[in-house]
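> First the structure, which I've put down as C-alpha cells, then a few questions once you've had a look.
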Amino acid sequence: METSLISNKVSSFCYSHTRAISARNKVQKIQVTKFSIPKFHSRSLVAELNYLNNYTRNDVPHNSKINKNSKEVVKLHLIMEIVSDRIEMHKNIGIQRDNWNGLLLSSVNMMTLSASSMVGLAAVASAGAESSLLALKVSSTILYMAATGLLLFMNKVQPSQLAEEQRNAVRFFKQLQGEFRTRLALENVNEDDVNEAMEKVLALDKAFPLPLLGSMLEKFPRTVKPAVWWPRMKKPKHQRDLQGKNNNGWNIRLEEEMKKIVKVLKNKDIENYLKLSKRVLKFNKILSYSGPIFTCFAAFGSVFLGSVNASWPVMLGIICGAMASVVNTIEHGGQVGMVFEFYRSTSGLFKLMEETIELNVNEEDYCKRENGELFEIKVALQLGRSLSELRQFSNDDDDNACEEFANKLF
C-alpha cells in the first residue's frame, strides 16, 4: 500500500516537472520567433561584393582599404623604415665623433704640456746626472712627435665638423620622414612619389657620408659652395586646387613677393654666409698648419737638449709646446670646423629655398604649383617672419630691402 502511494507521488511529480519544462520550451520558442530574418536581394552575394568593390574604388579612393594597402603605400612605408634606421645611425656616429673631438684634444694637450714640462726639467737636470737628462730628452721628443701625428689626423678629419655633418643629416632625415608621413596622410601615393622618395634618401646619403676613408667630404675645399643635400629639382606635379579656383591661391602680388625674396636671398643672405664660410675656412687653415709646425719645432728643440751649450733648445721646446696647446685649443676646442659647416649648410638652406621658389613661380600652370597661401606660410616661417612682416618686407623699396636680410632666423 505504501509502495503504490510513493510510486503515485513520484509519477505525479515527474509529470508536473515535464509539463513545466515543455511550457518553458514553448515560451522560449515563442521568444525566438520574434526576431525577423533579413531578406536578401535577388542578386547573388558575389554580385553584391563586386558592386561594393567598384563603388569604393571609383567614389572614395582615399578611404578605401585597397589604397591603404597598395603596393606604392607599402613601398613608402618601407622607405620610412630605412629613414628611421638612417636617423639612428647618424645620431650614434655623431655622438661618437663629438667624443673623438673632446678626447683627442685633451690627449694632445696633455702630451704637449707634459713634454714642455720635461724640457724644463731637463734644463734643470743638465748639470746633474746624464741618465736623467737623457730620459727627459727622449720622453719629451716622443711625446712631441706623437702629438704631431695626432694633430695631423685631427686637422685632416676635423672631428667637430664631422659631428656637425651628422647632426645636419639627422635633422634633414627627420624632415624627410615628416614629409613622407604628410604625403601618406593627405595624398594618394603613386609610383612617382616612391621614386622621388628614394632619390631624396640617396641624395642625403651622398651629401652626408658615414665612412671616413674614401667618401669623406673635403674639409678644406678650394672653392666654397653652398651645401647640397637634395636631388635635382623637378617640375611640381598636378595638385588639387584647395580654393576651387583656377589660380590655386596665387596672384600677381604673391608672385612679385616671391621674386623679391629670391633676389634678396641671392644678393644678401647666400652671399653673406658664403663670405663668412670663406673667412672661417681661411682661419681654420692657418690654425691647422700652425699646430703641427709648433709641435715639430718643439720636438726639434728637445732633440738638442744638452748637446749644445746654448739655451735655444730649451726655449724652443717650451715656448713652441705652449703655443701648440693654445692653437689646438682654439681650433678644436672652439670647434672652428663646426662653425664652417654651419655657415655652409645655412647657405645651402637658402639655396634650396631659392630653387623651390623659382620652380613654382616659373611654372605657368597654376595647378602644377604648390598652393599659394600654404607656400607663402611655409616661406615666411622658414625665414623666421610672420605673414605681415613678409609682405611688408616685399613691399619696401629696393634701397630699404638692400639694408635688410630676407632671413631673420639665423
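By convention in this document, the chains of the C-alpha cells carry letters A, B, ... by their order, each chain's residues are numbered from 1, and ligands are numbered from 1 in the order they are shown.
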Do a neighbour search on Pro292 of chain A at 10 Å with only C-alpha atoms, toss out local chain neighbours closer than 2 positions, and write the hits as a ChimeraX atom specification.
/A:144-145,147-152,155,287-290,294-298,324,327-328
> From segment 181-379 of chain A, collect each residue whose DSSP state is helix (DSSP H, G or I) and return the set as a VMD selection string.
chain A and resid 181 to 186 191 to 207 252 to 303 312 to 333 336 to 361 366 to 368 372 to 379
> Which residue, A:Phe172, A:Phe283, A:Phe393, A:Trp250, has the smallest gap to Gly337 of chain A when you use only C-alpha atoms?
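Closest to Gly337 of chain A of all the choices is A:Phe283.
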> Using only C-alpha atoms, which residues sit within 8 Å of Asn395 of chain A once same-chain residues fewer than 3 positions away are excluded, as number ranges by chain?
A: 257, 391-392
> Keeping only N, CA and C atoms, take the residues you just selected and write them out as a compact mmCIF listing (two decimals), in the first residue's frame.

# COMPACT_ATOMS: atom_id res chain seq x y z
N GLU A 257 56.07 89.14 -54.70
CA GLU A 257 56.66 88.96 -53.37
C GLU A 257 57.72 87.88 -53.39
N ARG A 391 55.12 90.35 -46.03
CA ARG A 391 54.51 91.22 -47.03
C ARG A 391 55.06 92.64 -46.94
N GLN A 392 55.30 93.10 -45.72
CA GLN A 392 55.88 94.43 -45.56
C GLN A 392 57.29 94.49 -46.12
> Find the residues around Gln158 of chain A up to 10 Å (only C-alpha atoms counted), leave out those fewer than 5 positions away in its own chain, and share them as a PyMOL selection string.
chain A and resi 97+100-101+151-153+163+219-220+284+288+331-332+335-338
> Which residues, written as a PyMOL selection string, have at least one atom at most 10 Å from Asn272 of chain A, with only C-alpha atoms counted and residues fewer than 4 positions away on the same chain left out?
chain A and resi 265-268+276-277+343+347+405
> Pick out the residues sitting within 12 Å of Met258 of chain A, and hand them over as an MDAnalysis selection string; count only C-alpha atoms, and ignore anything fewer than 4 positions along from it in its own chain.
chainID A and resid 250:254 262:265 353:362 372:373 375:380 390:391 393:395 406
> Between atom CA of Gly317 of chain A and atom CA of Ala299 of chain A, measure the distance and give it in Å to one decimal.
6.5 Å
> List every residue of segment 179-246 of chain A that has an atom at most 8 Å from any atom of segment 69-82 of chain A, and for each one report the closest atom pair and its distance in Å to one decimal, counting only C-alpha atoms, with rows sorted by chain and then by increasing residue number, as a Markdown table.

| residue | atom | partner | partner_atom | distance |
| --- | --- | --- | --- | --- |
| A:Phe180 | CA | A:Met80 | CA | 7.2 |
| A:Leu184 | CA | A:Val73 | CA | 7.4 |
| A:Val189 | CA | A:Val73 | CA | 6.2 |
| A:Asn190 | CA | A:Glu72 | CA | 5.7 |
| A:Glu191 | CA | A:Glu72 | CA | 6.0 |
| A:Val194 | CA | A:Leu76 | CA | 5.9 |
| A:Ala197 | CA | A:Ile79 | CA | 7.5 |
| A:Met198 | CA | A:Ile79 | CA | 7.3 |
> For a test of reading the model, state the distance in Å between atom CA of Leu162 of chain A and atom CA of Asp98 of chain A, rounded to one decimal.
7.9 Å
> What is the atom CA of Ile87 of chain A to atom CA of Arg183 of chain A distance in Å?
19.4 Å
> Pick out the closest residue to Val339 of chain A from this set: A:Ala122, A:Ala185, A:Leu281, A:Leu104. Count only C-alpha atoms.
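Checking each candidate against Val339 of chain A, we get A:Leu281 as the closest.
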